[in-house]
Each structure stands twice: as C-alpha cells, then as structure tokens.
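Peer 1: Following this message is one structure expressed as structure tokens.
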Amino acid sequence: QAGLVKEMIKSQDKIMYQLNMGEGKSSVILELLAHQLADGKKIVRINVLEPLLRLTIQTLQEKFGILLYKRIYTLPFSRDIALSVKELQEIDSMLD
C-alpha cells in the first residue's frame, strides 16, 4: 500500500487505479494520499460515492483529528445543490 501511494504521488500523469475489495482503499490508501498531498497550501478534495460517504467521513475525522489535533469539517455536495453568490462567499471565507 505504501509503495502504491508513493507511485500515485510521484506520477505526473492522470492515471486511474483499480483496486480489489479489501486492499485498503478506504482505510489506508485514501488517508495516506490526503495526508501527503495536503501541504498547507492546497486543500485536498475527496470524492466518494454516496454509500461510502458516512464511512469515509468517520474514518478521515478519526485519523486526521488525532494526527492534526484539529477538528475536521466536511462539506458534502451533490450536483443538485444550487448555491447563491453569498453562500459561495461564505464557504470561501470558511476555507480561508
């Protein structure tokens, strides 16, 4: 898993990986990638299918909350959400 994460990080190309069930995608690889890619200047966005959303949020909050000693916030969106300019500005302000 660590070797795969290193390969994913150093790759400059957009590559798609297909992993089998039980290979640590949600519990290991996702967290390692997010941790390595978030360098303090970039926000890491993680897209997950709705059935995996609750598990992914819980896992990330537990692991990063302990690692960073900070609360982890989630902003779940779907394509059906229509935001006003004011709402977008509020989200931008929160992220800053």
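Ordered as shown in the structure tokens, chains take letters A, B, and onward, while each chain numbers its residues from 1 and ligands are numbered from 1 in the order shown.
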Skip A:Gly40 itself and residues of its chain fewer than 6 positions away, then list as a list in words all residues within 12 Å of it, counting only C-alpha atoms.
Peer 2: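 Once the nearby chain positions are removed, what remains is Ala34, Leu68 and Asp96 of chain A.
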Peer 1: Between A:Arg79, A:Lys86, A:Lys10, A:Lys25, which has the minimum distance to A:Leu52 (counting only C-alpha atoms)?
Peer 2: A:Lys25
Peer 1: Go through A:Ile9, A:Met16, A:Leu75, A:Val44 and flag the residue nearest A:Ile57, using only C-alpha atoms for the distances.
Peer 2: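 Using only C-alpha atoms, A:Ile57 sits closest to A:Leu75.
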Peer 1: If I take atom CA of A:Lys14 and atom CA of A:Asn47, how far is one from the other in Å, to one decimal?
Peer 2: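 Between atom CA of A:Lys14 and atom CA of A:Asn47 the gap works out to 15.6 Å.
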Peer 1: Would you list, as a PyMOL selection string, the residues of chain A that end up in alpha helix (DSSP H) under DSSP run on this structure's backbone?
Peer 2: chain A and resi 2-10+30-37+50-68+85-95
Peer 1: If we count only C-alpha atoms and set the cut-off at 12 Å, which residues sit around A:Phe64, ignoring sequence neighbours fewer than 2 positions away in its own chain? Please answer as a PyMOL selection string.
Peer 2: chain A and resi 30-32+34-36+38+56-62+66-73
Peer 1: If you count only C-alpha atoms, which residues fall within 9 Å of A:Ala2, apart from same-chain ones fewer than 3 positions away, as a PyMOL selection string?
Peer 2: chain A and resi 5-7+28-29+32
Peer 1: Hey, can you spit out that residue selection with all heavy atoms as a tab-separated table (two decimals), in the first residue's frame?
Peer 2:
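The new file result.tsv reads:
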chain	number	residue	atom	x	y	z
A	5	VAL	N	0.99	4.25	-2.89
A	5	VAL	CA	0.79	5.66	-2.57
A	5	VAL	C	1.96	6.49	-3.09
A	5	VAL	O	1.76	7.54	-3.71
A	5	VAL	CB	0.60	5.87	-1.05
A	5	VAL	CG1	0.65	7.34	-0.68
A	5	VAL	CG2	-0.70	5.25	-0.60
A	6	LYS	N	3.18	6.02	-2.92
A	6	LYS	CA	4.36	6.73	-3.44
A	6	LYS	C	4.28	6.86	-4.96
A	6	LYS	O	4.57	7.91	-5.52
A	6	LYS	CB	5.65	6.01	-3.05
A	6	LYS	CG	6.01	6.16	-1.59
A	6	LYS	CD	7.28	5.39	-1.28
A	6	LYS	CE	7.60	5.43	0.19
A	6	LYS	NZ	8.79	4.65	0.53
A	7	GLU	N	3.89	5.79	-5.61
A	7	GLU	CA	3.76	5.81	-7.08
A	7	GLU	C	2.69	6.80	-7.50
A	7	GLU	O	2.87	7.56	-8.46
A	7	GLU	CB	3.40	4.40	-7.58
A	7	GLU	CG	3.24	4.31	-9.08
A	7	GLU	CD	2.82	2.91	-9.50
A	7	GLU	OE1	3.27	1.93	-8.88
A	7	GLU	OE2	2.04	2.81	-10.46
A	28	VAL	N	-6.64	2.89	4.35
A	28	VAL	CA	-5.21	3.17	4.37
A	28	VAL	C	-4.79	4.12	3.25
A	28	VAL	O	-4.25	5.20	3.50
A	28	VAL	CB	-4.39	1.85	4.26
A	28	VAL	CG1	-2.90	2.14	4.22
A	28	VAL	CG2	-4.72	0.91	5.40
A	29	ILE	N	-5.04	3.73	2.02
A	29	ILE	CA	-4.52	4.47	0.86
A	29	ILE	C	-5.10	5.88	0.79
A	29	ILE	O	-4.37	6.84	0.59
A	29	ILE	CB	-4.79	3.68	-0.44
A	29	ILE	CG1	-3.96	2.38	-0.40
A	29	ILE	CG2	-4.46	4.51	-1.66
A	29	ILE	CD1	-4.24	1.42	-1.51
A	32	LEU	N	-3.44	8.13	3.48
A	32	LEU	CA	-2.05	8.42	3.17
A	32	LEU	C	-1.93	9.43	2.03
A	32	LEU	O	-1.13	10.37	2.10
A	32	LEU	CB	-1.30	7.13	2.79
A	32	LEU	CG	-0.99	6.16	3.92
A	32	LEU	CD1	-0.43	4.86	3.36
A	32	LEU	CD2	-0.02	6.78	4.91
Peer 1: Kindly indicate which residue among A:Leu33, A:Ser78, A:Leu95, A:Lys41 lies nearest to A:Leu53, using only C-alpha atoms for the distances.
Peer 2: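 Looking only at the distances to A:Leu53, the closest residue turns out to be A:Ser78.
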Peer 1: A:Ile15, A:Leu37, A:Pro76, A:Asp92: which is nearest A:Leu49, counting only C-alpha atoms?
Peer 2: A:Pro76
